[in-house]
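Peer 1: Let me give you the structure first, and then I'll get to my questions.
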Amino acid sequence: MAEPEQLVVEAERQAAAATTLDELSAVRTAMTGKRSPLVAARKALGDMDPDARKQAGQALNAAKASIDEILSAREAELAASARAQQLAAERLDLTEVTEQSASGHLHVITQTWQELEDVFVGMGYRVAEGPEIESEWYNFGALNFPLGHPARDMYDTLYVDYGEPGTTLLRTHTSPVQARVMENQEPPIYVVAPGRCFRQDTADATHMPVFHQIEGLVVDRDTTLGDLAGTIEAFTAAYFGPGFTSRLRPSYFPFTEPSAEFDIQRPDGTWLELGGCGMVHPNVFEACGIDPEQWQGFAFGFGIDRLALIRFGIDDLRELWTNDIRFLEQF
Amino acid sequence: MKVLLSWLREFAPDIDGEPEDLAEILSDLGLAVEELSHVGRGLDGIVIAEVLATRPHPDADRIHLVDVDVGDGEALQVCCGAFNMAVGDLVPLATVGTTMPNGIEIARRKMRGEWSNGMLCSGAEIGMGDDHEGILILEQGLSLGVPLAEALGIHPDVLFDLEVNPNRPDAMSVMGVARDLAARLGVPFSVAAPNVDEAGTPAAERASVSIAAPDFCQRFGVRVLDNVPSGASPRWMANRLLAVGQRPINAVVDLSNYVMFELGQPNHTYDLDLVPGGELGVRMAHRGEELITLDGMARVLTTYDGVIVNRDDEAIGLAGVMGGASTEISADTRSVLLEAAWWDPMTIARTARRLGLRSEASARFERGADPEIIPMALDRFAELAAALGSTTAPGMIDAAGNRPESNPVRVRTQRVNSILGTDLSSSEMTGLLEPIGFACETGGDSQDFEVSIPSWRLDSATEIDVIEEVGRLHGFSKIARTVPVTEQAGALTPQQQDRRRVRELLTGMGISEAMPLPFLAPGDLARAGLGDDGITVTNPLVAEESIMRTSLRPGLLKAVAYNAARRTTGVSLFEIGRVNPGGGGDLPDEGEHLAVILAGQEATAATTLWRRLARHLTVTRTGVVNGPVDGLHPGRSGQVLADGQPVGALGEIDPQVLDAYEIDERVAWLEVDLGALLAADRALAPYKAPSRYPSSDVDLAFTVSDEVSADEVSATIAEAGGELLASVSLFDVFRSDQLGEGQRSLAFTLRFEAPDRTLNDAEVAKARQSCIDAVTNTHNASLRG
């Protein structure tokens with residue numbers, strides 16, 4: 001029968017020789033299993049006298065503990081090395097990607113449109129919409145442009161072949177949405193109306209027969225021109241950022257009075273003419289069934305396309321409409 | 001509208017300040033200054049020169065060599081890019097060392113091998129008129145070598161180019177601009193009465209006016225002038241006209257223009273000898289009546305045009321728009337009838353627009369001229385003409401049409417402040433209004449007042465018009481800015497939010513948003529396999545913009561073709577946009593569509609996309625029904641259902657359509673009526689707690705005819721599986737010779753589970769058999785292996 005110390009040495013040798021977890025498992029069975037010398041030695045203890053048995057038992061227990069420790073250590077070693085091998089085998093070059101451009105891009109007009117909506121929603125406005133093919137009445141008549149009024153000529157209107165000639169047109173501005181909202185909603189009204197507009201224009205770097213505007217309308221008990229100026233200023237700060245200010249200059253639109261152009265001053269002191277605005281004309285209120293002695297309001301409107309051009313540094317309006325993927329994927 | 005500072009000062013001498021500051025003030029008054037320029041500045045070094053000879057440049061076509069004499073008798077060679085001068089012409093020469101008004105310094109230099117000793121100047125280059133093309137040819141008689149400014153009597157001045165809004169008829173004159181500016185600056189403004197010496201036979205005995213169209217012509221004033229000058233106008237007048245962009249013609253024409261610019265009243269001269277009896281009449285034209293206008297064109301008139309007629313009722317002028325050729329003044333003219341009249345703005349606008357004859361005169365009449373200025377305009381003309389030797393017959397003919405009464409406007413102080421957001425007293429308001437001629441009358445204890453609108457403000461008639469003037473003169477910039485507070489919570493509508501969710505989903509799937517033009521050319525829809533053209537635009541500028549679309553397909557196909565032509569294939573794009581399918585209501589139907597185009601992908605890619613979209617929007621009872629769709633591959637197309645109703649189509653673009661667009665790859669397509677889709681029932685199914693018990697999976701493969709869709713088989717399984725069937729999903733499809741023509745294998749995984757127990761084998765077997773029986777019976781299918 002082998003001495004316990006020899007068993008430990010033997011276990012140590014065999015464990016070191018094992019190169020896989022499976023081999024190590026066999027070593028464990030051989031060294032500590034039912035048929036192992038260790039178990040045999042333990043069985044043989046019963047035949048010894050008590051003193052010798054105690055001494056031999058202690059030696060066997062110590063040997064068993066040592067062997068277990070050796071095997072566990074070797075097992076941890078082999079497991080770590082197996083993991084390391086597997087991980088090494090699984091190594092990837094993370095730039096080996098064949099799938100192109102995983103994400104699509106919103107059009108710059110949509111991005112600008114949504115940002116504008118968000119600014120006004122944050123200021124308590126709802127978003128209204130109206131048809132792109134519009135009646136002469138909503139585009140002009142309800143907005144205090146009498147038939148034959150020269151101011152209609154300021155808008156190079158495109159008409160469509162529908163109904164009586166001259167009655168149906170492609171809206172020249174988003175202002176008809178004002179009239180539609182006022183007809184359908186009791187004041188107070190706080191809305192913006194972004195939308196697509198049309199005019200008879202030859203496409204070039206700064207003109208297109210199709211463009212986008214956003215319109216604002218507020219109708220309340222005591223809305224003032226000061227409210228209009230303050231709203232434009234608040235919008236300017238919210239959209240363009242700190243350091244941008246605004247001014248109103250007297251102007252003329254049939255559907256507002258007083259009317260104004262509004263300009264934005266950049267931090268470098270230069271001005272950007274942005275849009276038109278004014279107090280809702282009493283005739284417009286009356287055309288929409290609102291008593292101008294009870295309610296007052298303001299309206300404003302400006303182009304979305306030019307803002308998009310400025311924001312993204314695009315120098316030609318036509319680029320917006322080419323749908324060249326090399327354009328679309330830049331934004 | 002261009003105005004000179006020196007001219008403004010003739011009405012308000014105390015107008016002072018830096019030109020830039022004055023420009024700011026004008027803009028703040030609503031007279032936006034588009035350009036501020038300095039006249040007569042930078043003319044040092046520019047002298048009078050005579051053209052001695054012109055010769056071709058030996059080595060250049062676009063420039064030639066001009067020899068000029070600057071008074072020393074020597075020929076000085078200059079290279080010049082304009083060819084409009086002749087030998088003997090006097091021209092302005094910028095001598096070597098001159099700094100031009102635009103900052104460019106003139107040096108002696110070689111141009112293609114030839115020396116140029118200075119530069120000949122165009123009118124625009126030296127602030128005299130707008131002509132950039134030719135060299136300014138000066139009048140004869142100027143001394144050679146003399147500085148241009150000295151020779152022409154040009155003094156430094158400031159020119160404001162103003163943008164005048166349609167509601168400011170008064171600002172179409174130097175006088176009107178001066179009135180506004182003086183009011184804001186708080187300096188005196190006055191109009192000197194012209195001094196007219198009258199002599200000879202009274203005008204009333206030599207001329208007469210009858211008005212047969214009294215609404216069209218509210219007033220018609222005439223003076224008779226004799227010995228009118230036939231030569232050029234005085235230099236100071238010509239200089240002013242040049243500065244404001246009006247080319248001097250001759251004394252009579254220049255006088256007419258000068259008075260118009262100064263007072264805003266267009267006027268016209270007739271050769272008295274060519275007007276029998278000096279008799280003038282006003283009537284509307286007859287339909288088809290013809291008139292030869294001053295420009296020699298024969299004009300065919302309508303009953304909406306006003307005309308001036310002679311004694312024989314023959315039209316001799318197109319009222320307010322252009323004179324007639326038959327009475328035009330000439331070098332022989334000795335006596336003239338001078339007309340200053342008031343014409344109906346709308347009529348003038350219509351005539352000028354129809355005939356394409358918009359002019360400085362029609363622009364003023366269109367806005368509404370001042371009927372009260374007519375006598376002064378006639379007198380001012382006579383006064384200026386007298387200085388050139390003409391005499392004025394005594395008296396003025398002043399014929400009246402229908403002059404509407406103008407009633408004072410009651411203005412409520414409280415209302416003014418309420419609209420403007422100001423806190424002005426009534427006296428502050430009247431203090432702003434009086435200087436621009438709005439006479440105010442305050443009465444008793446009332447804070448309100450009555451305003452008499454001046455005759456030069458035809459645009460003003462109501463309280464709100466006066467409120468605008470108060471605001472304008474007070475200054476919009478001085479009004480305190482406030483932000484109105486609303487109790488309303490700002491929000492997008494559910495539909496607007498969904499539109500954004502759709503966009504996010506699609507971009508998240510790698511699809512970019514396109515924005516094709518919403519217009520189509522005739523035949524574009526047919527080319528895309530979509531049938532007839534939609535609603536047409538009646539006045540498009542180009543045929544490509546003459547049809548409104550009924551589908552987003554032509555636009556997106558064009559976008560794919562555009563990119564393919566630039567060597568980018570496999571493009572995925574979407575669009576959300578309006579379409580007009582027709583309709584019979586007050587307005588055409590207008591829907592909002594969503595379309596997705598997937599170049600380089602097969603039809604099933606569109607199905608996958610549609611399912612993701614439907615699930616994202618929690619649309620219920622969705623489906624795809626195979627079947628032909630116009631313009632799509634007949635064997636790879638189908639309708640899509642939401643809430644059980646058709647809302648669009650998907651599939652692959654018909655190869656014939658792809659050929660027409662020169663697209664060489666397969667293109668998957670989806671187009672849905674987004675409005676209908678979002679309006680469909682989108683309620684979530686009632687909540688079910690996930691089962692805590694294990695589920696069992698069963699795989700079933702069937703041989704099914706191609707006529708039966710996988711969706712139909714799946715639906716049959718779902719129904720047969722009952723409550724225990726948690727899910728069914730297609731995981732494999734294959735065709736083979738063994739299966740036979742027109743057949744294929746569809747393999748599904750069925751997952752069974754119960755909320756309250758672990759299903760035993762018998763239960764699963766029973767459910768499985770039900771599913772097998774249902775599919776084999778319903779679809780004439782057989783279970784495989």
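Labeling convention for the structure tokens: chains A, B, ... as they appear, residues from 1 per chain, ligands from 1 in order of appearance.
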Give me, as a short mmCIF file (atom, residue, chain, number, x, y, z; two decimals) with N, CA and C atoms, in the first residue's frame, all polymer residues having an atom no more than 7 Å from range 240-247 of chain B, counting only C-alpha atoms and skipping those fewer than 2 positions away in the same chain.
Peer 2:
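Saved the output as out-v6.cif:
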data_model
loop_
_atom_site.label_atom_id
_atom_site.label_comp_id
_atom_site.auth_asym_id
_atom_site.auth_seq_id
_atom_site.Cartn_x
_atom_site.Cartn_y
_atom_site.Cartn_z
N LYS B 2 -37.37 105.88 -55.85
CA LYS B 2 -36.09 106.46 -55.43
C LYS B 2 -36.28 107.93 -55.08
N VAL B 3 -35.74 108.33 -53.97
CA VAL B 3 -35.82 109.75 -53.58
C VAL B 3 -34.44 110.28 -53.19
N MET B 128 -25.00 107.63 -62.39
CA MET B 128 -25.91 108.40 -63.23
C MET B 128 -26.74 107.45 -64.07
N GLY B 129 -27.83 106.98 -63.48
CA GLY B 129 -28.72 106.07 -64.19
C GLY B 129 -28.35 104.63 -63.96
N ASP B 130 -29.13 103.75 -64.58
CA ASP B 130 -29.00 102.31 -64.33
C ASP B 130 -28.26 101.60 -65.44
N TRP B 236 -30.01 120.67 -64.07
CA TRP B 236 -30.33 120.26 -62.70
C TRP B 236 -31.50 119.27 -62.69
N MET B 237 -32.48 119.51 -63.57
CA MET B 237 -33.64 118.62 -63.63
C MET B 237 -33.24 117.26 -64.21
N ALA B 238 -32.46 117.32 -65.28
CA ALA B 238 -32.01 116.08 -65.91
C ALA B 238 -31.18 115.25 -64.92
N ILE B 249 -35.47 112.93 -71.59
CA ILE B 249 -35.85 112.79 -73.01
C ILE B 249 -35.81 114.17 -73.67
N TYR B 258 -40.95 114.96 -63.89
CA TYR B 258 -40.48 115.63 -62.69
C TYR B 258 -41.65 115.91 -61.74
#
Peer 1: Based on only C-alpha atoms, which of the residues in chain B come within 7 Å of chain A? I want them as a PyMOL selection string.
Peer 2: chain B and resi 27-30+165-167+349+418-421+464+468+472+476-477+479-484+486+488-492+507-517+535-541+559+563+587+590
Peer 1: Step one, run DSSP on the backbone; step two, keep only residues of range 299-509 of chain B assigned to helix (DSSP H, G or I); then write them as a PyMOL selection string.
Peer 2: chain B and resi 325-327+345-355+360-367+371-386+413-420+426-436+463-474+476-478+494-508
Peer 1: Can you list every residue in range 48-253 of chain A that DSSP puts in strand (DSSP E or B), as a tab-separated table (two decimals) with N, CA, C and O atoms, in the first residue's frame?
Peer 2:
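See part_14.tsv below for the written result:
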chain	number	residue	atom	x	y	z
A	126	ARG	N	-51.44	74.53	-30.72
A	126	ARG	CA	-51.81	73.29	-31.41
A	126	ARG	C	-51.39	73.42	-32.86
A	126	ARG	O	-51.13	74.52	-33.33
A	127	VAL	N	-51.39	72.32	-33.58
A	127	VAL	CA	-50.98	72.34	-34.98
A	127	VAL	C	-52.19	72.05	-35.87
A	127	VAL	O	-52.83	71.01	-35.71
A	133	ILE	N	-55.06	71.96	-52.28
A	133	ILE	CA	-55.92	72.52	-53.33
A	133	ILE	C	-57.04	73.23	-52.58
A	133	ILE	O	-57.77	72.63	-51.79
A	134	GLU	N	-57.14	74.52	-52.81
A	134	GLU	CA	-57.96	75.36	-51.93
A	134	GLU	C	-58.93	76.17	-52.78
A	134	GLU	O	-58.73	76.35	-53.99
A	135	SER	N	-59.98	76.65	-52.14
A	135	SER	CA	-60.93	77.48	-52.88
A	135	SER	C	-60.44	78.92	-52.90
A	135	SER	O	-59.70	79.36	-52.01
A	158	LEU	N	-51.42	79.66	-59.04
A	158	LEU	CA	-51.68	78.56	-59.96
A	158	LEU	C	-53.11	78.08	-59.71
A	158	LEU	O	-53.48	77.80	-58.57
A	159	TYR	N	-53.89	78.01	-60.77
A	159	TYR	CA	-55.26	77.53	-60.66
A	159	TYR	C	-55.35	76.11	-61.20
A	159	TYR	O	-54.54	75.70	-62.03
A	160	VAL	N	-56.35	75.36	-60.72
A	160	VAL	CA	-56.56	74.02	-61.27
A	160	VAL	C	-57.92	73.97	-61.95
A	160	VAL	O	-58.82	74.75	-61.66
A	168	THR	N	-60.88	77.40	-58.03
A	168	THR	CA	-60.09	76.42	-57.29
A	168	THR	C	-58.62	76.60	-57.64
A	168	THR	O	-58.27	76.71	-58.82
A	169	LEU	N	-57.79	76.63	-56.62
A	169	LEU	CA	-56.39	77.00	-56.85
A	169	LEU	C	-55.47	76.19	-55.94
A	169	LEU	O	-55.94	75.48	-55.05
A	170	LEU	N	-54.21	76.29	-56.22
A	170	LEU	CA	-53.21	75.72	-55.32
A	170	LEU	C	-52.88	76.82	-54.33
A	170	LEU	O	-52.48	77.92	-54.73
A	189	ILE	N	-57.96	80.91	-29.57
A	189	ILE	CA	-57.28	80.06	-30.55
A	189	ILE	C	-55.77	80.33	-30.46
A	189	ILE	O	-55.35	81.49	-30.49
A	190	TYR	N	-55.02	79.26	-30.32
A	190	TYR	CA	-53.55	79.35	-30.42
A	190	TYR	C	-53.11	78.21	-31.32
A	190	TYR	O	-53.02	77.07	-30.88
A	191	VAL	N	-52.89	78.50	-32.59
A	191	VAL	CA	-52.49	77.42	-33.50
A	191	VAL	C	-51.34	77.87	-34.39
A	191	VAL	O	-51.15	79.06	-34.65
A	192	VAL	N	-50.60	76.89	-34.85
A	192	VAL	CA	-49.69	77.10	-35.99
A	192	VAL	C	-50.13	76.14	-37.09
A	192	VAL	O	-50.71	75.09	-36.81
A	193	ALA	N	-49.88	76.53	-38.33
A	193	ALA	CA	-50.27	75.69	-39.46
A	193	ALA	C	-49.11	75.61	-40.45
A	193	ALA	O	-48.94	76.50	-41.27
A	194	PRO	N	-48.30	74.57	-40.34
A	194	PRO	CA	-47.26	74.39	-41.35
A	194	PRO	C	-47.89	73.74	-42.58
A	194	PRO	O	-48.85	72.99	-42.45
A	195	GLY	N	-47.35	74.03	-43.75
A	195	GLY	CA	-47.93	73.39	-44.92
A	195	GLY	C	-47.21	73.74	-46.20
A	195	GLY	O	-46.34	74.60	-46.24
A	196	ARG	N	-47.65	73.03	-47.24
A	196	ARG	CA	-47.06	73.19	-48.56
A	196	ARG	C	-47.85	74.23	-49.34
A	196	ARG	O	-49.08	74.25	-49.26
A	197	CYS	N	-47.15	75.12	-50.03
A	197	CYS	CA	-47.79	76.19	-50.80
A	197	CYS	C	-47.22	76.19	-52.22
A	197	CYS	O	-46.19	75.58	-52.48
A	198	PHE	N	-47.88	76.93	-53.08
A	198	PHE	CA	-47.53	76.88	-54.51
A	198	PHE	C	-47.59	78.27	-55.11
A	198	PHE	O	-48.35	79.12	-54.65
A	204	ASP	N	-35.39	78.15	-59.63
A	204	ASP	CA	-33.97	78.52	-59.65
A	204	ASP	C	-33.44	78.39	-58.23
A	204	ASP	O	-34.09	77.80	-57.38
A	207	HIS	N	-35.99	80.23	-55.95
A	207	HIS	CA	-37.44	80.13	-56.18
A	207	HIS	C	-37.82	78.70	-56.57
A	207	HIS	O	-37.07	78.04	-57.27
A	210	VAL	N	-43.09	75.19	-55.67
A	210	VAL	CA	-43.62	74.59	-54.45
A	210	VAL	C	-42.72	74.98	-53.30
A	210	VAL	O	-41.50	74.98	-53.45
A	211	PHE	N	-43.32	75.32	-52.18
A	211	PHE	CA	-42.51	75.69	-51.02
A	211	PHE	C	-43.32	75.43	-49.76
A	211	PHE	O	-44.49	75.01	-49.83
A	212	HIS	N	-42.71	75.67	-48.62
A	212	HIS	CA	-43.39	75.37	-47.34
A	212	HIS	C	-43.38	76.60	-46.45
A	212	HIS	O	-42.41	77.34	-46.41
A	213	GLN	N	-44.49	76.78	-45.77
A	213	GLN	CA	-44.63	77.91	-44.85
A	213	GLN	C	-45.14	77.41	-43.52
A	213	GLN	O	-45.73	76.34	-43.44
A	214	ILE	N	-44.95	78.22	-42.50
A	214	ILE	CA	-45.66	77.96	-41.25
A	214	ILE	C	-46.37	79.24	-40.85
A	214	ILE	O	-45.81	80.34	-40.97
A	215	GLU	N	-47.61	79.06	-40.46
A	215	GLU	CA	-48.50	80.18	-40.16
A	215	GLU	C	-48.81	80.10	-38.67
A	215	GLU	O	-48.95	79.01	-38.13
A	216	GLY	N	-48.93	81.23	-38.02
A	216	GLY	CA	-49.37	81.23	-36.63
A	216	GLY	C	-50.61	82.08	-36.49
A	216	GLY	O	-50.77	83.08	-37.19
A	217	LEU	N	-51.51	81.69	-35.61
A	217	LEU	CA	-52.73	82.48	-35.37
A	217	LEU	C	-53.07	82.44	-33.89
A	217	LEU	O	-53.14	81.35	-33.30
A	218	VAL	N	-53.25	83.62	-33.32
A	218	VAL	CA	-53.71	83.72	-31.94
A	218	VAL	C	-54.94	84.62	-31.91
A	218	VAL	O	-54.92	85.71	-32.49
A	219	VAL	N	-56.01	84.14	-31.32
A	219	VAL	CA	-57.21	84.96	-31.14
A	219	VAL	C	-57.62	84.84	-29.67
A	219	VAL	O	-57.82	83.72	-29.18
A	220	ASP	N	-57.67	85.99	-29.02
A	220	ASP	CA	-58.05	85.94	-27.60
A	220	ASP	C	-58.74	87.27	-27.27
A	220	ASP	O	-58.88	88.13	-28.13
A	245	THR	N	-32.23	88.41	-31.99
A	245	THR	CA	-33.36	89.27	-31.63
A	245	THR	C	-34.20	89.53	-32.88
A	245	THR	O	-33.82	89.14	-33.98
A	246	SER	N	-35.31	90.23	-32.69
A	246	SER	CA	-36.22	90.45	-33.82
A	246	SER	C	-36.71	91.88	-33.83
A	246	SER	O	-36.61	92.59	-32.84
A	247	ARG	N	-37.21	92.31	-35.00
A	247	ARG	CA	-37.86	93.61	-35.07
A	247	ARG	C	-39.03	93.52	-36.05
A	247	ARG	O	-39.04	92.67	-36.94
A	248	LEU	N	-39.99	94.41	-35.85
A	248	LEU	CA	-41.13	94.51	-36.77
A	248	LEU	C	-41.00	95.81	-37.55
A	248	LEU	O	-40.66	96.84	-36.99
A	249	ARG	N	-41.29	95.73	-38.86
A	249	ARG	CA	-41.32	96.93	-39.69
A	249	ARG	C	-42.69	97.02	-40.33
A	249	ARG	O	-43.19	96.02	-40.84
A	250	PRO	N	-43.30	98.22	-40.35
A	250	PRO	CA	-44.64	98.34	-40.93
A	250	PRO	C	-44.66	97.84	-42.37
A	250	PRO	O	-43.73	98.09	-43.13
A	251	SER	N	-45.70	97.11	-42.71
A	251	SER	CA	-45.83	96.60	-44.06
A	251	SER	C	-47.30	96.52	-44.42
A	251	SER	O	-48.14	97.14	-43.75
A	252	TYR	N	-47.61	95.78	-45.45
A	252	TYR	CA	-49.00	95.69	-45.88
A	252	TYR	C	-49.37	94.28	-46.28
A	252	TYR	O	-48.68	93.65	-47.08
A	253	PHE	N	-50.42	93.75	-45.69
A	253	PHE	CA	-51.08	92.53	-46.14
A	253	PHE	C	-52.57	92.78	-45.99
A	253	PHE	O	-52.99	93.37	-45.00
Peer 1: Identify, on the basis of only C-alpha atoms, every residue whose closest approach to range 600-604 of chain B does not exceed 8 Å; exclude the query and any residue fewer than 2 positions from it along the same chain; express the result as a list of chain:residue names.
Peer 2: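 Everything that qualifies: B:Thr569, B:Gly570, B:Val571, B:Leu598, B:Ala606, B:Thr607, B:Thr608, B:Arg636, B:Ser637, B:Leu650, B:Gly651, B:Glu652, B:Glu665, B:Arg666, B:Val667, B:Ala668, B:Trp669.
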Peer 1: To one decimal in Å, tell me the separation between CA of Val728 in chain B and CA of Arg682 in chain B.
Peer 2: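 A separation of 21.7 Å between them.
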Peer 1: Between CA of Val560 in chain B and CA of Leu670 in chain B, what distance in Å does the model show, to one decimal?
Peer 2: 14.3 Å
Peer 1: Check which residues of range 635-745 of chain B sit at most 9 Å from range 757-779 of chain B using only C-alpha atoms, and return one row each with the closest pair of atoms and their distance in Å to one decimal, ordered by chain and rising number, as JSON lines.
Peer 2:
{"residue": "B:Ser691", "atom": "CA", "partner": "B:Arg757", "partner_atom": "CA", "distance": 8.5}
{"residue": "B:Arg692", "atom": "CA", "partner": "B:Arg757", "partner_atom": "CA", "distance": 8.2}
{"residue": "B:Tyr693", "atom": "CA", "partner": "B:Thr758", "partner_atom": "CA", "distance": 5.3}
{"residue": "B:Pro694", "atom": "CA", "partner": "B:Thr758", "partner_atom": "CA", "distance": 5.9}
{"residue": "B:Ser695", "atom": "CA", "partner": "B:Thr758", "partner_atom": "CA", "distance": 7.3}
{"residue": "B:Ser696", "atom": "CA", "partner": "B:Val764", "partner_atom": "CA", "distance": 7.6}
{"residue": "B:Val698", "atom": "CA", "partner": "B:Arg768", "partner_atom": "CA", "distance": 7.5}
{"residue": "B:Leu700", "atom": "CA", "partner": "B:Ile772", "partner_atom": "CA", "distance": 7.9}
{"residue": "B:Phe702", "atom": "CA", "partner": "B:Thr776", "partner_atom": "CA", "distance": 8.1}
{"residue": "B:Val704", "atom": "CA", "partner": "B:His779", "partner_atom": "CA", "distance": 7.2}
{"residue": "B:Ser705", "atom": "CA", "partner": "B:His779", "partner_atom": "CA", "distance": 8.0}
{"residue": "B:Val708", "atom": "CA", "partner": "B:His779", "partner_atom": "CA", "distance": 7.0}
{"residue": "B:Glu712", "atom": "CA", "partner": "B:His779", "partner_atom": "CA", "distance": 8.7}
{"residue": "B:Val713", "atom": "CA", "partner": "B:Val775", "partner_atom": "CA", "distance": 6.5}
{"residue": "B:Ser714", "atom": "CA", "partner": "B:Val775", "partner_atom": "CA", "distance": 8.8}
{"residue": "B:Thr716", "atom": "CA", "partner": "B:Val775", "partner_atom": "CA", "distance": 6.3}
{"residue": "B:Ile717", "atom": "CA", "partner": "B:Cys771", "partner_atom": "CA", "distance": 5.2}
{"residue": "B:Ala718", "atom": "CA", "partner": "B:Cys771", "partner_atom": "CA", "distance": 8.0}
{"residue": "B:Glu719", "atom": "CA", "partner": "B:Cys771", "partner_atom": "CA", "distance": 8.3}
{"residue": "B:Ala720", "atom": "CA", "partner": "B:Cys771", "partner_atom": "CA", "distance": 5.2}
{"residue": "B:Gly721", "atom": "CA", "partner": "B:Cys771", "partner_atom": "CA", "distance": 5.7}
{"residue": "B:Gly722", "atom": "CA", "partner": "B:Ala767", "partner_atom": "CA", "distance": 7.9}
{"residue": "B:Leu724", "atom": "CA", "partner": "B:Ala767", "partner_atom": "CA", "distance": 7.6}
{"residue": "B:Leu725", "atom": "CA", "partner": "B:Ala767", "partner_atom": "CA", "distance": 8.0}
Peer 1: Considering only C-alpha atoms, return as an mmCIF file with N, CA and C atoms, in the first residue's frame whatever protein or nucleic-acid residues lie within 8 Å of range 36-40 of chain A, sequence-local ones (same chain, fewer than 3 positions apart) excluded.
Peer 2:
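File written: out_0.cif
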data_model
loop_
_atom_site.group_PDB
_atom_site.id
_atom_site.type_symbol
_atom_site.label_atom_id
_atom_site.label_comp_id
_atom_site.auth_asym_id
_atom_site.auth_seq_id
_atom_site.Cartn_x
_atom_site.Cartn_y
_atom_site.Cartn_z
ATOM 1 N N MET A 1 0.830 -1.198 0.000
ATOM 2 C CA MET A 1 0.000 0.000 0.000
ATOM 3 C C MET A 1 0.865 1.248 0.000
ATOM 4 N N ALA A 2 0.419 2.178 -0.807
ATOM 5 C CA ALA A 2 1.245 3.394 -0.958
ATOM 6 C C ALA A 2 1.090 4.302 0.236
ATOM 7 N N PRO A 4 0.469 7.787 2.069
ATOM 8 C CA PRO A 4 -0.370 8.934 1.660
ATOM 9 C C PRO A 4 0.439 10.021 0.951
ATOM 10 N N LEU A 7 0.774 9.272 -2.522
ATOM 11 C CA LEU A 7 -0.473 9.495 -3.268
ATOM 12 C C LEU A 7 -0.585 10.965 -3.696
ATOM 13 N N THR A 29 -11.118 10.645 -10.890
ATOM 14 C CA THR A 29 -11.716 9.337 -10.615
ATOM 15 C C THR A 29 -10.631 8.359 -10.140
ATOM 16 N N ALA A 30 -9.514 8.366 -10.801
ATOM 17 C CA ALA A 30 -8.427 7.448 -10.452
ATOM 18 C C ALA A 30 -7.872 7.732 -9.068
ATOM 19 N N MET A 31 -7.795 8.981 -8.692
ATOM 20 C CA MET A 31 -7.163 9.362 -7.436
ATOM 21 C C MET A 31 -8.115 9.390 -6.256
ATOM 22 N N THR A 32 -9.399 9.689 -6.497
ATOM 23 C CA THR A 32 -10.308 9.834 -5.354
ATOM 24 C C THR A 32 -11.565 8.997 -5.515
ATOM 25 N N GLY A 33 -11.732 8.246 -6.635
ATOM 26 C CA GLY A 33 -12.937 7.467 -6.878
ATOM 27 C C GLY A 33 -12.991 6.230 -5.987
ATOM 28 N N LYS A 43 -10.323 2.012 3.756
ATOM 29 C CA LYS A 43 -10.967 0.761 4.157
ATOM 30 C C LYS A 43 -10.046 -0.058 5.054
ATOM 31 N N ALA A 44 -8.741 0.024 4.750
ATOM 32 C CA ALA A 44 -7.771 -0.775 5.505
ATOM 33 C C ALA A 44 -7.586 -0.263 6.933
ATOM 34 N N LEU A 60 -4.224 10.197 6.062
ATOM 35 C CA LEU A 60 -5.058 10.030 4.873
ATOM 36 C C LEU A 60 -5.941 11.259 4.612
ATOM 37 N N LYS A 64 -5.998 13.502 1.366
ATOM 38 C CA LYS A 64 -7.218 13.732 0.580
ATOM 39 C C LYS A 64 -7.427 15.232 0.333
#
Peer 1: Kindly give the distance, in Å, that separates CA of Glu723 in chain B and CA of Pro686 in chain B, rounded to a single decimal.
Peer 2: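 For CA of Glu723 in chain B relative to CA of Pro686 in chain B, the distance reads 14.0 Å.
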